[in-house]
Every structure is written in C-alpha cells, then in structure tokens.
Amino acid sequence: MKRACVIGWPIAQSRSPLIHQFWLRKYGIEGTYTKEPVRPEDLKSFLGSLKERGFVGCNVTVPHKEAAFSIAEIRSSSAIAVGAANTLWLEGDALACTNTDSYGFMANLDQSAPHWRTTPGPIMILGAGGSARAVIHGFLEAGRDDIRVFNRTIERAEETARHFGARVSASSWDTRNDHTAEVSVVVNTTTLGMNGVGDPNIDFSRARKEAVVADIVYVPLETPLLASARRYGLTCVDGLGMLLHQAVPGFETWFGVRPEVTPELYNLIAENIREA
Ligand SMILES: NC(=O)c1ccc[n+]([C@@H]2O[C@H](COP(=O)([O-])OP(=O)(O)OC[C@H]3O[C@@H](n4cnc5c(N)ncnc54)[C@H](OP(=O)(O)O)[C@@H]3O)[C@@H](O)[C@H]2O)c1
C-alpha cells in the first residue's frame, strides 16, 4: 500500500486529503493520503525520514514551502523558478521536489477561459508573494512578454521583476486602475478577499470585453474581485480549479495514475468550502 500525506503547521485546514482520497477511491487504488502536522523545527528530520515513515512522498504547505525547496536534493525547473516546493517524492534515496502551482494555475486557466491564449495584451498580477511567482512563471512559460506586477510593498514587486527579468515589470499598487483598459488577464494573488476580508478594488468599467479575471483565493469561491468582474460581463476564473489541478502531478507521481479534474470533484470540494 502506497502512502502519501500533506504536511504543514497548522494543517487542519488543508483540503488536499479530500482531493486525493476522492481519486484513490475513483481509481480503486489501495493507498492513503493523510494530514501530518509538522513543526518548522521538525521539517528536516521529517523529510529525511519519509521512507522510514512509509511515505512515497508528500505535499508541503504553509510555512514549509521555501524550506522544503532548500532541503530537497533534486529540484524541478518550476521549483527553481518559484524558489519554493509544494510536492515531494523519493527518487531512490534522494528527495526530489517540484512546484505544481504554476501548472495548476495555467491548466485551470486553459480549461476555464481558453480564449486567453489568443487575446494579446499585458497581464496584470496583483501581489508579489510566493504564489505570484508561480503564476508569473506560468505566463512566462506560455510566452507572454508584458507581465505587470502591482504590489502594496513596491520593493517586493521590484524584487520579483528583477528575479524574472525584462518581461516582468513592477508598478506601485496605487496605479493599478490606470492599466485596466489595456490588460488581457487580471490575476489576484494577494490575500485580499480571503474569508470575505478585503477587496483589491479593481475598476472594470473600462476593461476590454474579452478580458479574463482570475482569483487564486478560493474561500469564498466568489470573491469580491470576481463578483465585480462578473457585473461587467467579463470571463471569471475561480481559485478552486487551480487547487484541484495543482494536485494532479503529485498524485500521478506517487500512485501511478494521472487523475482527472471532473465536475464531481469540483462540486465535492466546493460543497466543503461552502459549509466551512
Ligand atoms: N488556489 C490555489 O491553489 C492557491 C495556491 C496558493 C495560494 N493560494 C492563495 O493565494 C493567496 C496568497 O498566497 P501567498 O502564499 O502568495 O501569500 P504571501 O506570500 O503571504 O503574499 C501575500 C500577498 O498579499 C498582499 N497583501 C496582503 N494584504 C494586503 C492588503 N491589505 N493590501 C494589498 N495587498 C495585500 C501582500 O502584499 P505585501 O507584499 O505588501 O505584504 C503579498 O503580495 C492566499 O490567499 C492563498 O490561500 C491559492
């Protein structure tokens, strides 16, 4: 029996077990996926003893993503681009890692709003934290060359732009609404809107009708940003799809089956979010 888990501190809030257990049942795989609370000071010893603990791999979440990246011995190009890992596995005795947030975000965007690829124009990224880096990496891989990062702390936006190079620029948070008439995609990677607190306050009144608006916050599913974009008839992409798609590569690596993101799975997790 293969065993995988998600580790974090705290970990009670994680919905990853619901996703992976759904797939284990669906594909009739004898395996387990559990939540393991791991304190920051115990991360190195936990990851160093995955095999002894009987795990084939794990997901890592807050606050371990950067530390897990440093500890892993083999790193994928997406983990290197983001500087953080969320999925780990063993290659022989060596610990390998990747970051599947880029893949998850882009796969969901392609599924929910495929016309974004044929809509030229700048990409607006709100926020410059860990998940912003994953999203930016995805757009760079997709060949986009005008990615504009808006962040409350401008130094962090500038650091992000430096990290990625000439195709990414940094702008002050206060100027974000000067760009809404031009951009083809808007992505909120800040925590604004999470649990109903805050709103990035984007004025969509001058937005292009083909613009796509994505929020990676998924509690609630309909964030203030998406509600506002919907009022102007724009295509909206919620954050739950990213959460589901980012789980696909890990499941395939650990259990040997590439799982599908289906409406049934989406509804199961959406129901859990609504009940929370
Ligand atoms: N859907 C998914 O699968 C998925 C995956 C990963 C993350 N997420 C969600 O994405 C969100 C961000 O995660 P993260 O790991 O990137 O967080 P993070 O590294 O802590 O970054 C947080 C970002 O939010 C900005 N921010 C916070 N409060 C703000 C405010 N009042 N006004 C303007 N900006 C504000 C921060 O700006 P400063 O730099 O100025 O502080 C920073 O850019 C979380 O809600 C997380 O749950 C979703």
# chains A, B, ... in the order shown; residues from 1 in each chain; ligands from 1
>>> select_by_dssp(residues="segment 138-212 of chain A", states="strand (DSSP E)", output="ChimeraX atom specification")
/A:147-151,168-172,185-188,212
>>> residues_around(residues="Ala142 of chain A", least_positions_apart="4", cutoff="10 Å", atoms="only C-alpha atoms", output="PyMOL selection string")
chain A and resi 106+117+136-138
>>> write_last_selection(atoms="C-alpha atoms", output="compact mmCIF listing (two decimals), in the first residue's frame")
# COMPACT_ATOMS: atom_id res chain seq x y z
CA MET A 106 -2.31 27.53 -16.12
CA ARG A 117 -4.18 32.45 -25.21
CA ILE A 136 4.26 34.67 -13.32
CA HIS A 137 6.40 31.63 -14.18
CA GLY A 138 3.35 30.08 -15.86
>>> select_by_dssp(residues="segment 97-265 of chain A", states="helix (DSSP H, G or I)", output="ChimeraX atom specification")
/A:101-112,114-118,130-141,154-164,173-178,194-196,224-231,240-246,248-255,263-265
>>> write_last_selection(atoms="C-alpha atoms", output="mmCIF file, in the first residue's frame")
data_model
loop_
_atom_site.group_PDB
_atom_site.id
_atom_site.type_symbol
_atom_site.label_atom_id
_atom_site.label_comp_id
_atom_site.auth_asym_id
_atom_site.auth_seq_id
_atom_site.Cartn_x
_atom_site.Cartn_y
_atom_site.Cartn_z
ATOM 1 C CA ASP A 101 1.154 25.790 -8.548
ATOM 2 C CA SER A 102 2.260 27.138 -11.952
ATOM 3 C CA TYR A 103 0.939 24.060 -13.711
ATOM 4 C CA GLY A 104 -2.282 24.147 -11.640
ATOM 5 C CA PHE A 105 -2.964 27.798 -12.367
ATOM 6 C CA MET A 106 -2.311 27.529 -16.122
ATOM 7 C CA ALA A 107 -4.180 24.227 -16.565
ATOM 8 C CA ASN A 108 -7.218 25.739 -14.891
ATOM 9 C CA LEU A 109 -6.976 28.955 -16.916
ATOM 10 C CA ASP A 110 -6.732 26.917 -20.143
ATOM 11 C CA GLN A 111 -9.744 24.815 -19.149
ATOM 12 C CA SER A 112 -11.934 27.682 -17.883
ATOM 13 C CA PRO A 114 -9.105 29.050 -23.277
ATOM 14 C CA HIS A 115 -9.503 32.271 -25.294
ATOM 15 C CA TRP A 116 -6.921 33.988 -23.061
ATOM 16 C CA ARG A 117 -4.178 32.450 -25.215
ATOM 17 C CA THR A 118 -5.427 34.215 -28.337
ATOM 18 C CA GLY A 130 5.044 33.130 -3.259
ATOM 19 C CA SER A 131 2.012 32.313 -5.362
ATOM 20 C CA ALA A 132 2.554 35.384 -7.580
ATOM 21 C CA ARG A 133 5.920 33.894 -8.573
ATOM 22 C CA ALA A 134 4.255 30.611 -9.533
ATOM 23 C CA VAL A 135 1.652 32.412 -11.661
ATOM 24 C CA ILE A 136 4.260 34.665 -13.324
ATOM 25 C CA HIS A 137 6.398 31.629 -14.176
ATOM 26 C CA GLY A 138 3.348 30.079 -15.863
ATOM 27 C CA PHE A 139 2.733 33.149 -18.047
ATOM 28 C CA LEU A 140 6.426 33.351 -18.972
ATOM 29 C CA GLU A 141 6.419 29.684 -19.982
ATOM 30 C CA ILE A 154 6.725 48.105 -4.102
ATOM 31 C CA GLU A 155 10.173 46.737 -3.145
ATOM 32 C CA ARG A 156 8.750 43.215 -3.253
ATOM 33 C CA ALA A 157 7.296 43.837 -6.738
ATOM 34 C CA GLU A 158 10.689 45.181 -7.876
ATOM 35 C CA GLU A 159 12.485 42.160 -6.436
ATOM 36 C CA THR A 160 10.070 39.878 -8.303
ATOM 37 C CA ALA A 161 10.642 41.765 -11.571
ATOM 38 C CA ARG A 162 14.437 41.517 -11.093
ATOM 39 C CA HIS A 163 14.149 37.807 -10.405
ATOM 40 C CA PHE A 164 12.278 37.116 -13.657
ATOM 41 C CA TRP A 173 -0.255 49.374 -6.049
ATOM 42 C CA ASP A 174 -1.919 52.774 -6.369
ATOM 43 C CA THR A 175 -1.543 52.830 -10.169
ATOM 44 C CA ARG A 176 -3.317 49.504 -10.814
ATOM 45 C CA ASN A 177 -6.535 51.079 -12.114
ATOM 46 C CA ASP A 178 -4.597 53.105 -14.714
ATOM 47 C CA MET A 194 -9.861 35.644 1.608
ATOM 48 C CA ASN A 195 -12.577 34.669 4.086
ATOM 49 C CA GLY A 196 -14.531 37.705 2.912
ATOM 50 C CA PRO A 224 -15.274 40.436 -4.321
ATOM 51 C CA LEU A 225 -12.925 40.702 -7.348
ATOM 52 C CA LEU A 226 -14.823 38.051 -9.321
ATOM 53 C CA ALA A 227 -18.222 39.455 -8.304
ATOM 54 C CA SER A 228 -17.149 42.853 -9.559
ATOM 55 C CA ALA A 229 -15.747 41.481 -12.865
ATOM 56 C CA ARG A 230 -18.933 39.454 -13.422
ATOM 57 C CA ARG A 231 -21.040 42.616 -13.140
ATOM 58 C CA LEU A 240 -10.654 26.238 -6.644
ATOM 59 C CA GLY A 241 -9.781 24.992 -10.135
ATOM 60 C CA MET A 242 -6.117 25.831 -9.503
ATOM 61 C CA LEU A 243 -6.182 23.933 -6.209
ATOM 62 C CA LEU A 244 -7.574 20.838 -7.950
ATOM 63 C CA HIS A 245 -5.238 20.952 -10.958
ATOM 64 C CA GLN A 246 -2.099 21.527 -8.853
ATOM 65 C CA VAL A 248 -2.673 16.193 -10.412
ATOM 66 C CA PRO A 249 1.128 15.814 -10.877
ATOM 67 C CA GLY A 250 1.698 14.722 -7.260
ATOM 68 C CA PHE A 251 -0.992 12.039 -7.403
ATOM 69 C CA GLU A 252 0.430 10.713 -10.669
ATOM 70 C CA THR A 253 3.982 10.610 -9.267
ATOM 71 C CA TRP A 254 3.006 8.823 -6.050
ATOM 72 C CA PHE A 255 0.228 6.495 -7.221
ATOM 73 C CA PRO A 263 -17.167 18.449 -12.160
ATOM 74 C CA GLU A 264 -17.889 15.795 -9.488
ATOM 75 C CA LEU A 265 -14.602 16.560 -7.726
#
>>> atom_distance(atom1="atom CA of Ile29 of chain A", atom2="atom CA of His64 of chain A")
28.2 Å
